[in-house]
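To start, the structure itself, in structure tokens.
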Amino acid sequence: YYVRVRAQNACGAGPASNTQLLTVGCAPPGTPGTPSVTVAGSAASIAWSAVGGATQYQLEVGTASGASNVGVQTLTSPGVQLPPLPAGTYFTRVRALNSCGSGATSGEATFVIAS
């Protein structure tokens with residue numbers, strides 16, 4: 001719902017306030033920012049900003065944009081250290097989850113593990 005309020009007295013109603021969003025019931029969490037990746041040797045640390053209302057995060061890692069062929073992990077905190085990976089280019093993105101569903105997927109980060 002979208003709501004506005006007006007003050008009123010004997011002379012009439014004043015101007016309306018700014019519109020505010022009012023959520024009734026359950027709503028999925030928002031969208032995390034694009035993950036940041038730090039590479040050290042063959043390992044990668046991935047972090048992203050916490051999202052209000054999120055209880056878990058789903059991290060996807062793949063060898064092509066949009067792919068999750070390397071893995072999908074469900075985590076309770078906004079960051080993870082991946083195990084050693086073979087040399088190559090990787091793509092990662094994250095979405096926030098709660099009991100009401102899944103938020104939108106973050107932007108995609110690309111990182112390279114050198115040979």
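A note on labels: chains of the structure tokens are A, B, ... as shown, every chain counts residues from 1, and ligands are counted from 1 in their shown order.
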Just the residues within 6 Å of segment 63-79 of chain A, please, counting only C-alpha atoms, with nothing from its chain fewer than 4 positions along; format it as a ChimeraX atom specification. /A:46-48,50,56-59,90-91
Leaving out Phe111 of chain A and any residue of its chain fewer than 3 positions from it, which residues lie within 9 Å of it when counting only C-alpha atoms, given as a list in words?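 Final neighbour list, sorted by chain and number: Val37, Thr38, Val39, Ala44, Gly88, Thr89, Tyr90, Phe91 and Thr92 of chain A.
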Please produce a file of the residues just selected, as a JSON list (two decimals), in the first residue's frame, where the atoms kept are all heavy atoms.
```json
[["chain", "number", "residue", "atom", "x", "y", "z"],
["A", 37, "VAL", "N", 35.35, -9.45, -4.72],
["A", 37, "VAL", "CA", 36.14, -10.68, -4.69],
["A", 37, "VAL", "C", 37.60, -10.34, -4.49],
["A", 37, "VAL", "O", 38.14, -9.46, -5.17],
["A", 37, "VAL", "CB", 35.97, -11.49, -5.99],
["A", 37, "VAL", "CG1", 36.74, -12.80, -5.91],
["A", 37, "VAL", "CG2", 34.49, -11.74, -6.29],
["A", 38, "THR", "N", 38.24, -11.05, -3.56],
["A", 38, "THR", "CA", 39.68, -10.94, -3.34],
["A", 38, "THR", "C", 40.28, -12.30, -3.63],
["A", 38, "THR", "O", 39.86, -13.31, -3.05],
["A", 38, "THR", "CB", 39.98, -10.54, -1.88],
["A", 38, "THR", "OG1", 39.30, -9.32, -1.60],
["A", 38, "THR", "CG2", 41.47, -10.39, -1.64],
["A", 39, "VAL", "N", 41.25, -12.33, -4.55],
["A", 39, "VAL", "CA", 41.90, -13.59, -4.93],
["A", 39, "VAL", "C", 43.29, -13.64, -4.32],
["A", 39, "VAL", "O", 44.04, -12.67, -4.38],
["A", 39, "VAL", "CB", 41.99, -13.70, -6.47],
["A", 39, "VAL", "CG1", 42.76, -14.94, -6.88],
["A", 39, "VAL", "CG2", 40.59, -13.70, -7.08],
["A", 44, "ALA", "N", 39.57, -17.74, -3.41],
["A", 44, "ALA", "CA", 38.86, -16.48, -3.55],
["A", 44, "ALA", "C", 37.98, -16.25, -2.34],
["A", 44, "ALA", "O", 37.31, -17.17, -1.86],
["A", 44, "ALA", "CB", 38.01, -16.48, -4.82],
["A", 88, "GLY", "N", 41.31, -20.09, -14.19],
["A", 88, "GLY", "CA", 40.21, -19.76, -15.09],
["A", 88, "GLY", "C", 39.51, -18.49, -14.67],
["A", 88, "GLY", "O", 39.84, -17.87, -13.67],
["A", 89, "THR", "N", 38.51, -18.12, -15.45],
["A", 89, "THR", "CA", 37.69, -16.96, -15.17],
["A", 89, "THR", "C", 36.37, -17.44, -14.58],
["A", 89, "THR", "O", 35.77, -18.39, -15.09],
["A", 89, "THR", "CB", 37.43, -16.16, -16.46],
["A", 89, "THR", "OG1", 38.69, -15.74, -16.99],
["A", 89, "THR", "CG2", 36.57, -14.93, -16.20],
["A", 90, "TYR", "N", 35.93, -16.76, -13.51],
["A", 90, "TYR", "CA", 34.72, -17.15, -12.79],
["A", 90, "TYR", "C", 33.78, -15.96, -12.66],
["A", 90, "TYR", "O", 34.21, -14.81, -12.66],
["A", 90, "TYR", "CB", 35.09, -17.68, -11.40],
["A", 90, "TYR", "CG", 35.90, -18.94, -11.46],
["A", 90, "TYR", "CD1", 37.29, -18.90, -11.55],
["A", 90, "TYR", "CD2", 35.28, -20.18, -11.46],
["A", 90, "TYR", "CE1", 38.04, -20.06, -11.62],
["A", 90, "TYR", "CE2", 36.03, -21.35, -11.53],
["A", 90, "TYR", "CZ", 37.40, -21.28, -11.62],
["A", 90, "TYR", "OH", 38.14, -22.44, -11.69],
["A", 91, "PHE", "N", 32.52, -16.26, -12.53],
["A", 91, "PHE", "CA", 31.46, -15.26, -12.40],
["A", 91, "PHE", "C", 30.65, -15.60, -11.15],
["A", 91, "PHE", "O", 30.34, -16.78, -10.91],
["A", 91, "PHE", "CB", 30.55, -15.29, -13.63],
["A", 91, "PHE", "CG", 31.29, -15.02, -14.91],
["A", 91, "PHE", "CD1", 31.99, -16.03, -15.56],
["A", 91, "PHE", "CD2", 31.29, -13.75, -15.46],
["A", 91, "PHE", "CE1", 32.69, -15.78, -16.73],
["A", 91, "PHE", "CE2", 31.99, -13.50, -16.64],
["A", 91, "PHE", "CZ", 32.69, -14.51, -17.26],
["A", 92, "THR", "N", 30.31, -14.59, -10.36],
["A", 92, "THR", "CA", 29.57, -14.85, -9.14],
["A", 92, "THR", "C", 28.51, -13.78, -8.91],
["A", 92, "THR", "O", 28.68, -12.63, -9.29],
["A", 92, "THR", "CB", 30.52, -14.96, -7.92],
["A", 92, "THR", "OG1", 29.78, -15.37, -6.78],
["A", 92, "THR", "CG2", 31.23, -13.65, -7.63]]
```
What lies within 8 Å of Val3 of chain A using only C-alpha atoms, ignoring chain neighbours under 4 positions off, as a ChimeraX atom specification? /A:19-22
Extract, using only C-alpha atoms, all DNA, RNA and protein residues at most 8 Å from Ala54 of chain A, discarding same-chain residues fewer than 3 positions from it, and format them as a ChimeraX atom specification. /A:28-30,50-51,57,96-98
Expressed in Å to a single decimal, how great is the separation between atom CA of Gly62 of chain A and atom CA of Ala114 of chain A?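 Pair atom CA of Gly62 of chain A / atom CA of Ala114 of chain A returns 16.0 Å.
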I need the residues of segment 2-113 of chain A that end up classed as strand (DSSP E) by DSSP on the backbone, written out as an MDAnalysis selection string. chainID A and resid 2:3 8:9 12:13 20:21 36:40 43:47 56:62 71:75 79:81 88:98 101:102 109:113
Residue with smallest distance to Ala109 of chain A - pool A:Gly52, A:Pro86, A:Gly33, A:Pro15, counting only C-alpha atoms: A:Gly33
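Take atom CA of Pro35 of chain A and atom CA of Cys100 of chain A: the distance between them is 23.0 Å.
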Using only C-alpha atoms, pick whichever of A:Ala104, A:Val5, A:Ala87, A:Val80 has the shortest atom-to-atom distance to Ser45 of chain A.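 Of the candidates, the smallest distance to Ser45 of chain A is held by A:Val80.
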List the spatial neighbours of Leu85 of chain A as a ChimeraX atom specification - criterion: any atom at most 7 Å away, only C-alpha atoms, same-chain residues fewer than 2 positions off excluded. /A:42-43,83,87
